[in-house]
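Trainee: What follows is the file structure-v9.txt, containing compact mmCIF, C-alpha atoms:
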```txt
# COMPACT_ATOMS: atom_id res chain seq x y z
CA MET A 1496 80.04 177.81 -115.78
CA ALA A 1497 76.30 178.00 -115.14
CA ASN A 1498 76.00 180.79 -117.72
CA ARG A 1499 77.88 178.67 -120.29
CA PHE A 1500 75.60 175.73 -119.49
CA SER A 1501 72.52 177.92 -119.89
CA ARG A 1502 73.75 179.14 -123.30
CA MET A 1503 74.33 175.56 -124.38
CA LEU A 1504 70.80 174.58 -123.29
CA LYS A 1505 69.34 177.54 -125.20
CA LYS A 1506 71.28 176.52 -128.30
CA PHE A 1507 69.37 173.23 -128.28
CA GLY A 1508 66.04 174.85 -127.48
CA LEU A 1509 66.04 173.87 -123.81
CA ALA A 1510 65.91 175.94 -120.65
CA LEU A 1511 66.07 175.19 -116.96
CA GLY A 1512 62.92 175.78 -114.99
CA ALA A 1513 62.67 178.11 -112.00
CA ASP A 1514 63.89 175.39 -109.64
CA GLY A 1515 67.07 174.93 -111.70
CA GLY A 1516 66.53 171.25 -112.27
CA ARG A 1517 63.55 170.87 -114.55
CA LEU A 1518 63.50 170.68 -118.29
CA PRO A 1519 60.36 171.00 -120.34
CA GLY A 1520 58.85 167.67 -121.24
CA LYS A 1521 55.56 165.98 -122.02
CA ASP A 1522 54.50 166.18 -118.41
CA GLY A 1523 55.21 169.92 -118.22
CA GLY A 1524 58.62 169.59 -116.63
CA SER A 1525 59.92 166.35 -115.19
CA ARG A 1526 62.99 166.37 -112.96
CA VAL A 1527 66.17 165.37 -114.73
CA SER A 1528 68.11 162.79 -112.77
CA VAL A 1529 70.91 160.85 -114.32
CA ASP A 1530 73.06 159.10 -111.78
CA ALA A 1531 76.85 159.28 -111.93
CA GLU A 1532 77.15 155.63 -112.96
CA GLN A 1533 75.07 156.24 -116.09
CA LYS A 1534 77.18 159.29 -116.97
CA THR A 1535 80.37 157.33 -116.45
CA ASP A 1536 79.08 154.49 -118.59
CA SER A 1537 78.24 156.75 -121.50
CA VAL A 1538 81.55 158.61 -121.16
CA SER A 1539 83.38 155.29 -120.91
CA ARG A 1540 81.76 153.94 -124.07
CA VAL A 1541 82.60 157.05 -126.10
CA TYR A 1542 86.24 157.09 -125.01
CA ALA A 1543 86.53 153.28 -125.34
CA GLN A 1544 85.27 153.45 -128.92
CA ALA A 1545 87.84 156.17 -129.66
CA LEU A 1546 90.63 154.02 -128.18
CA LEU A 1547 89.48 151.03 -130.21
CA GLU A 1548 89.51 153.07 -133.42
CA LEU A 1549 93.00 154.40 -132.64
CA ALA A 1550 94.33 150.91 -131.89
CA GLN A 1551 92.73 149.53 -135.07
CA ALA A 1552 94.25 152.32 -137.16
CA LYS A 1553 97.70 151.45 -135.82
CA GLY A 1554 97.10 147.68 -136.03
CA GLU A 1555 97.74 147.35 -132.29
CA VAL A 1556 94.40 146.16 -130.93
CA ASP A 1557 95.79 143.00 -129.33
CA SER A 1558 98.75 144.70 -127.65
CA VAL A 1559 96.67 147.67 -126.44
CA ALA A 1560 94.04 145.26 -125.07
CA GLU A 1561 96.73 143.35 -123.18
CA GLU A 1562 98.15 146.60 -121.78
CA ALA A 1563 94.66 147.81 -120.85
CA GLY A 1564 94.07 144.65 -118.83
CA GLY A 1565 97.33 145.15 -116.96
CA LEU A 1566 96.62 148.83 -116.44
CA MET A 1567 93.21 148.04 -114.96
CA ALA A 1568 94.89 145.86 -112.33
CA LEU A 1569 97.41 148.63 -111.61
CA LEU A 1570 94.63 151.20 -111.21
CA GLY A 1571 93.24 149.16 -108.33
CA ASP A 1572 96.07 150.48 -106.14
CA ALA A 1573 94.65 152.95 -103.59
CA ASP A 1574 97.70 155.24 -103.61
CA LEU A 1575 97.73 155.45 -107.40
CA LYS A 1576 94.01 156.24 -107.37
CA ARG A 1577 94.56 159.12 -104.94
CA LEU A 1578 97.43 160.42 -107.05
CA LEU A 1579 95.67 160.25 -110.41
CA TYR A 1580 92.08 160.98 -109.41
CA GLY A 1581 92.56 163.47 -106.59
CA ARG A 1582 92.28 167.22 -107.04
CA ALA A 1583 95.55 167.97 -105.22
CA LEU A 1584 97.38 168.07 -108.57
CA SER A 1585 96.52 170.19 -111.56
CA SER A 1586 95.85 168.54 -114.91
CA ALA A 1587 99.34 169.53 -116.05
CA GLN A 1588 100.91 168.02 -112.93
CA ARG A 1589 98.91 164.80 -113.39
CA GLY A 1590 100.11 164.80 -117.01
CA GLY A 1591 103.67 164.77 -115.69
CA VAL A 1592 102.83 161.88 -113.38
CA VAL A 1593 101.24 159.99 -116.28
CA GLU A 1594 104.37 160.64 -118.36
CA GLN A 1595 106.68 159.34 -115.62
CA LEU A 1596 104.52 156.27 -115.01
CA PHE A 1597 103.62 155.22 -118.53
CA LYS A 1598 105.78 156.83 -121.25
CA GLY A 1599 107.92 154.12 -122.82
CA LYS A 1600 106.26 151.46 -120.66
CA VAL A 1601 103.02 151.16 -122.65
CA SER A 1602 102.36 151.58 -126.34
CA ASP A 1603 102.37 155.08 -127.73
CA VAL A 1604 98.67 154.68 -128.58
CA LEU A 1605 97.71 153.94 -124.98
CA TYR A 1606 100.08 156.53 -123.50
CA ARG A 1607 98.78 159.34 -125.72
CA PHE A 1608 95.20 158.23 -125.07
CA ILE A 1609 95.73 158.42 -121.29
CA GLN A 1610 97.19 161.92 -121.71
CA VAL A 1611 94.09 163.01 -123.66
CA VAL A 1612 91.83 161.53 -120.98
CA ASN A 1613 93.81 163.50 -118.40
CA ARG A 1614 93.56 166.78 -120.35
CA LYS A 1615 89.79 166.25 -120.55
CA GLU A 1616 89.70 165.80 -116.74
CA ARG A 1617 88.41 162.21 -117.09
CA LEU A 1618 91.16 160.17 -115.41
CA SER A 1619 88.73 159.01 -112.74
CA ALA A 1620 86.73 157.37 -115.54
CA LEU A 1621 89.79 155.48 -116.85
CA PRO A 1622 88.94 152.11 -115.23
CA GLY A 1623 85.45 152.23 -116.79
CA ILE A 1624 86.90 153.33 -120.12
CA LEU A 1625 89.39 150.46 -120.14
CA SER A 1626 86.70 147.98 -119.14
CA ALA A 1627 84.43 149.23 -121.92
CA PHE A 1628 87.37 149.05 -124.36
CA LEU A 1629 88.05 145.42 -123.44
CA SER A 1630 84.36 144.63 -123.92
CA LEU A 1631 84.43 146.23 -127.37
CA VAL A 1632 87.53 144.23 -128.28
CA SER A 1633 85.88 141.01 -127.14
CA GLU A 1634 82.77 141.87 -129.11
CA ALA A 1635 84.84 142.61 -132.23
CA ARG A 1636 86.57 139.24 -131.84
CA GLY A 1637 83.25 137.44 -131.52
CA GLU A 1638 83.96 136.58 -127.89
CA LEU A 1639 81.51 136.54 -125.03
CA ASP A 1640 82.41 136.57 -121.34
CA VAL A 1641 79.99 134.51 -119.29
CA ASP A 1642 79.83 134.39 -115.50
CA VAL A 1643 78.58 131.06 -114.19
CA TYR A 1644 77.56 130.77 -110.54
CA VAL A 1645 77.64 127.21 -109.20
CA ALA A 1646 77.33 125.54 -105.81
CA GLU A 1647 80.51 123.54 -106.38
CA THR A 1648 83.30 123.47 -108.95
CA LEU A 1649 82.23 122.05 -112.29
CA ALA A 1650 83.72 118.60 -112.72
CA GLY A 1651 85.98 117.61 -115.60
CA ASP A 1652 84.85 118.93 -118.97
CA ALA A 1653 81.52 120.24 -117.65
CA GLY A 1654 82.73 123.86 -117.80
CA GLN A 1655 83.87 123.47 -121.39
CA ALA A 1656 80.57 121.77 -122.28
CA VAL A 1657 78.63 124.71 -120.79
CA ALA A 1658 80.84 127.18 -122.70
CA ASP A 1659 80.41 125.23 -125.94
CA SER A 1660 76.64 125.04 -125.49
CA ILE A 1661 76.29 128.77 -124.83
CA GLY A 1662 78.76 129.61 -127.58
CA GLY A 1663 76.85 127.47 -130.07
CA ALA A 1664 73.56 129.13 -129.18
CA MET A 1665 75.04 132.63 -129.35
CA GLY A 1666 77.37 132.06 -132.29
CA LYS A 1667 80.34 133.32 -130.28
CA LYS A 1668 83.45 132.03 -128.59
CA VAL A 1669 82.64 131.88 -124.88
CA GLN A 1670 85.09 132.65 -122.10
CA LEU A 1671 83.58 131.08 -118.99
CA ARG A 1672 84.25 132.58 -115.55
CA GLU A 1673 83.21 130.19 -112.83
CA HIS A 1674 82.11 131.54 -109.45
CA VAL A 1675 81.67 128.96 -106.71
CA ASP A 1676 79.13 129.79 -104.01
CA PRO A 1677 78.40 126.84 -101.70
CA GLU A 1678 75.30 128.67 -100.44
CA LEU A 1679 73.55 128.19 -103.77
CA ILE A 1680 70.83 125.58 -103.86
CA GLY A 1681 71.26 123.20 -106.76
CA GLY A 1682 68.48 121.37 -108.52
```
With the file now loaded, output its structure as structure tokens.

Mentor:
Amino acid sequence: MANRFSRMLKKFGLALGADGGRLPGKDGGSRVSVDAEQKTDSVSRVYAQALLELAQAKGEVDSVAEEAGGLMALLGDADLKRLLYGRALSSAQRGGVVEQLFKGKVSDVLYRFIQVVNRKERLSALPGILSAFLSLVSEARGELDVDVYVAETLAGDAGQAVADSIGGAMGKKVQLREHVDPELIGG
């Protein structure tokens, strides 16, 4: 694997330094450090864009988005996480589990997509992929999710007024999510 990685680096005119973790740069070799969250985010966005394009091609964006939301909730189950993300099963075995769990229960677009994600050994990134997909769908619809943190519940139409005000300023339809935290200081 390291040899393959080295060949790939050479192909792009890069090489690892003697310490194995430095790439040539302006400063003569700065340490490369990309945390796992950044990697997952970039992977999630690429796969999410692919899922969006597949759903658009089939005219199933709304149904796939609805299924993705439900699947995200399902993926919160600890036992399912261990089953799908653990290394106890091979990719082929996990593919069988995915087939038993989802074939005929979700759209063909989403089922086949999950199988591809599994074959690429990215099932652990599925929650991030689905979240990124739902964000892309909202963006395509001109929607904006806004989290509002308040000391007490907004009275009457105040929440809708806040959403309308933000939506007017941003030129988008705002979905307001209210978070009440009595510890906040108002004023």

Trainee: Where's the centre, and what are the edge lengths in Å to one decimal, of a box along x, y and z enclosing all listed atoms of stretch 1536-1549 of chain A padded 6 Å per side, as AutoDock Vina command-line options?

Mentor:
```
--center_x 85.6 --center_y 154.8 --center_z -126.0 --size_x 26.8 --size_y 19.6 --size_z 26.8
```

Trainee: For atom CA of A:Gly1651 and atom CA of A:Leu1671, quote the distance in Å rounded to one decimal.

Mentor: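 Atom CA of A:Leu1671 lies 14.1 Å from atom CA of A:Gly1651.
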
Trainee: For a quick check of understanding, using all atoms listed in the file, which of A:Ser1630, A:Ser1586, A:Gln1551, A:Gln1670 has the smallest distance to A:Val1612?

Mentor: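 That would be A:Ser1586, the residue with the smallest distance to A:Val1612.
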
Trainee: Which distance in Å separates atom CA of A:Asp1603 and atom CA of A:Val1538, to one decimal?

Mentor: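 Separating atom CA of A:Asp1603 from atom CA of A:Val1538 is a distance of 22.1 Å.
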
Trainee: When you look at A:Val1592 with a cut-off of 12 Å (counting all atoms listed in the file), what residues show up, excluding the ones that are within fewer than 3 positions of it in the same chain? I need them as a compact mmCIF listing (two decimals) with C-alpha atoms, in the frame of the given file.

Mentor:
```
# COMPACT_ATOMS: atom_id res chain seq x y z
CA LEU A 1575 97.73 155.45 -107.40
CA LEU A 1578 97.43 160.42 -107.05
CA LEU A 1579 95.67 160.25 -110.41
CA TYR A 1580 92.08 160.98 -109.41
CA LEU A 1584 97.38 168.07 -108.57
CA SER A 1585 96.52 170.19 -111.56
CA SER A 1586 95.85 168.54 -114.91
CA ALA A 1587 99.34 169.53 -116.05
CA GLN A 1588 100.91 168.02 -112.93
CA ARG A 1589 98.91 164.80 -113.39
CA GLN A 1595 106.68 159.34 -115.62
CA LEU A 1596 104.52 156.27 -115.01
CA PHE A 1597 103.62 155.22 -118.53
CA LYS A 1598 105.78 156.83 -121.25
CA TYR A 1606 100.08 156.53 -123.50
CA ILE A 1609 95.73 158.42 -121.29
CA GLN A 1610 97.19 161.92 -121.71
CA ASN A 1613 93.81 163.50 -118.40
CA LEU A 1618 91.16 160.17 -115.41
```

Trainee: Quick one, how far is atom CA of A:Ala1568 from atom CA of A:Ser1602?

Mentor: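 Computing the Euclidean distance for atom CA of A:Ala1568 and atom CA of A:Ser1602 yields 16.9 Å.
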
Trainee: Using all atoms listed in the file, which of A:Leu1570, A:Ala1560, A:Met1665, A:Val1641 sits nearest A:Ser1619?

Mentor: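 Nearest candidate to A:Ser1619 out of A:Leu1570, A:Ala1560, A:Met1665, A:Val1641: A:Leu1570.
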
Trainee: Would you mind putting all heavy atoms back on stretch 1583-1594 of chain A and writing the result as a PDB file, keeping the file's coordinate frame?

Mentor:
```
ATOM      1  N   ALA A1583      94.382 167.292-105.786  1.00  0.00           N
ATOM      2  CA  ALA A1583      95.550 167.970-105.220  1.00  0.00           C
ATOM      3  C   ALA A1583      96.498 168.430-106.317  1.00  0.00           C
ATOM      4  O   ALA A1583      97.214 169.413-106.151  1.00  0.00           O
ATOM      5  CB  ALA A1583      96.281 167.039-104.253  1.00  0.00           C
ATOM      6  N   LEU A1584      96.506 167.718-107.444  1.00  0.00           N
ATOM      7  CA  LEU A1584      97.380 168.070-108.570  1.00  0.00           C
ATOM      8  C   LEU A1584      96.559 168.691-109.686  1.00  0.00           C
ATOM      9  O   LEU A1584      95.417 168.311-109.916  1.00  0.00           O
ATOM     10  CB  LEU A1584      98.071 166.820-109.114  1.00  0.00           C
ATOM     11  CG  LEU A1584      98.964 166.032-108.168  1.00  0.00           C
ATOM     12  CD1 LEU A1584      99.498 164.790-108.860  1.00  0.00           C
ATOM     13  CD2 LEU A1584     100.100 166.894-107.653  1.00  0.00           C
ATOM     14  N   SER A1585      97.177 169.614-110.389  1.00  0.00           N
ATOM     15  CA  SER A1585      96.520 170.190-111.560  1.00  0.00           C
ATOM     16  C   SER A1585      96.574 169.162-112.696  1.00  0.00           C
ATOM     17  O   SER A1585      97.310 168.175-112.625  1.00  0.00           O
ATOM     18  CB  SER A1585      97.236 171.466-112.000  1.00  0.00           C
ATOM     19  OG  SER A1585      98.516 171.143-112.536  1.00  0.00           O
ATOM     20  N   SER A1586      95.835 169.425-113.746  1.00  0.00           N
ATOM     21  CA  SER A1586      95.850 168.540-114.910  1.00  0.00           C
ATOM     22  C   SER A1586      97.252 168.429-115.486  1.00  0.00           C
ATOM     23  O   SER A1586      97.696 167.347-115.873  1.00  0.00           O
ATOM     24  CB  SER A1586      94.868 169.059-115.966  1.00  0.00           C
ATOM     25  OG  SER A1586      94.890 168.237-117.104  1.00  0.00           O
ATOM     26  N   ALA A1587      97.971 169.537-115.529  1.00  0.00           N
ATOM     27  CA  ALA A1587      99.340 169.530-116.050  1.00  0.00           C
ATOM     28  C   ALA A1587     100.260 168.693-115.169  1.00  0.00           C
ATOM     29  O   ALA A1587     101.099 167.936-115.671  1.00  0.00           O
ATOM     30  CB  ALA A1587      99.867 170.960-116.161  1.00  0.00           C
ATOM     31  N   GLN A1588     100.097 168.815-113.850  1.00  0.00           N
ATOM     32  CA  GLN A1588     100.910 168.020-112.930  1.00  0.00           C
ATOM     33  C   GLN A1588     100.593 166.530-113.064  1.00  0.00           C
ATOM     34  O   GLN A1588     101.498 165.698-113.066  1.00  0.00           O
ATOM     35  CB  GLN A1588     100.697 168.484-111.490  1.00  0.00           C
ATOM     36  CG  GLN A1588     101.276 169.849-111.208  1.00  0.00           C
ATOM     37  CD  GLN A1588     100.843 170.396-109.864  1.00  0.00           C
ATOM     38  OE1 GLN A1588      99.703 170.249-109.448  1.00  0.00           O
ATOM     39  NE2 GLN A1588     101.787 171.053-109.186  1.00  0.00           N
ATOM     40  N   ARG A1589      99.296 166.211-113.189  1.00  0.00           N
ATOM     41  CA  ARG A1589      98.910 164.800-113.390  1.00  0.00           C
ATOM     42  C   ARG A1589      99.466 164.295-114.719  1.00  0.00           C
ATOM     43  O   ARG A1589      99.859 163.144-114.834  1.00  0.00           O
ATOM     44  CB  ARG A1589      97.397 164.641-113.337  1.00  0.00           C
ATOM     45  CG  ARG A1589      96.853 164.531-111.935  1.00  0.00           C
ATOM     46  CD  ARG A1589      95.409 164.062-111.898  1.00  0.00           C
ATOM     47  NE  ARG A1589      94.521 164.855-112.726  1.00  0.00           N
ATOM     48  CZ  ARG A1589      93.936 165.992-112.350  1.00  0.00           C
ATOM     49  NH1 ARG A1589      94.163 166.470-111.152  1.00  0.00           N
ATOM     50  NH2 ARG A1589      93.155 166.653-113.168  1.00  0.00           N
ATOM     51  N   GLY A1590      99.512 165.168-115.732  1.00  0.00           N
ATOM     52  CA  GLY A1590     100.110 164.800-117.010  1.00  0.00           C
ATOM     53  C   GLY A1590     101.567 164.396-116.844  1.00  0.00           C
ATOM     54  O   GLY A1590     102.038 163.449-117.482  1.00  0.00           O
ATOM     55  N   GLY A1591     102.285 165.126-115.989  1.00  0.00           N
ATOM     56  CA  GLY A1591     103.670 164.770-115.690  1.00  0.00           C
ATOM     57  C   GLY A1591     103.782 163.432-114.992  1.00  0.00           C
ATOM     58  O   GLY A1591     104.681 162.632-115.282  1.00  0.00           O
ATOM     59  N   VAL A1592     102.859 163.170-114.075  1.00  0.00           N
ATOM     60  CA  VAL A1592     102.830 161.880-113.380  1.00  0.00           C
ATOM     61  C   VAL A1592     102.547 160.758-114.382  1.00  0.00           C
ATOM     62  O   VAL A1592     103.208 159.718-114.379  1.00  0.00           O
ATOM     63  CB  VAL A1592     101.781 161.883-112.241  1.00  0.00           C
ATOM     64  CG1 VAL A1592     101.565 160.490-111.685  1.00  0.00           C
ATOM     65  CG2 VAL A1592     102.191 162.849-111.138  1.00  0.00           C
ATOM     66  N   VAL A1593     101.582 160.986-115.256  1.00  0.00           N
ATOM     67  CA  VAL A1593     101.240 159.990-116.280  1.00  0.00           C
ATOM     68  C   VAL A1593     102.466 159.736-117.160  1.00  0.00           C
ATOM     69  O   VAL A1593     102.777 158.581-117.481  1.00  0.00           O
ATOM     70  CB  VAL A1593     100.024 160.457-117.124  1.00  0.00           C
ATOM     71  CG1 VAL A1593      99.866 159.616-118.375  1.00  0.00           C
ATOM     72  CG2 VAL A1593      98.756 160.413-116.286  1.00  0.00           C
ATOM     73  N   GLU A1594     103.171 160.797-117.517  1.00  0.00           N
ATOM     74  CA  GLU A1594     104.370 160.640-118.360  1.00  0.00           C
ATOM     75  C   GLU A1594     105.412 159.793-117.643  1.00  0.00           C
ATOM     76  O   GLU A1594     105.978 158.859-118.229  1.00  0.00           O
ATOM     77  CB  GLU A1594     104.954 162.006-118.706  1.00  0.00           C
ATOM     78  CG  GLU A1594     106.160 161.908-119.616  1.00  0.00           C
ATOM     79  CD  GLU A1594     106.677 163.265-120.072  1.00  0.00           C
ATOM     80  OE1 GLU A1594     105.965 164.273-119.922  1.00  0.00           O
ATOM     81  OE2 GLU A1594     107.810 163.291-120.573  1.00  0.00           O
TER      82      GLU A1594
END
```
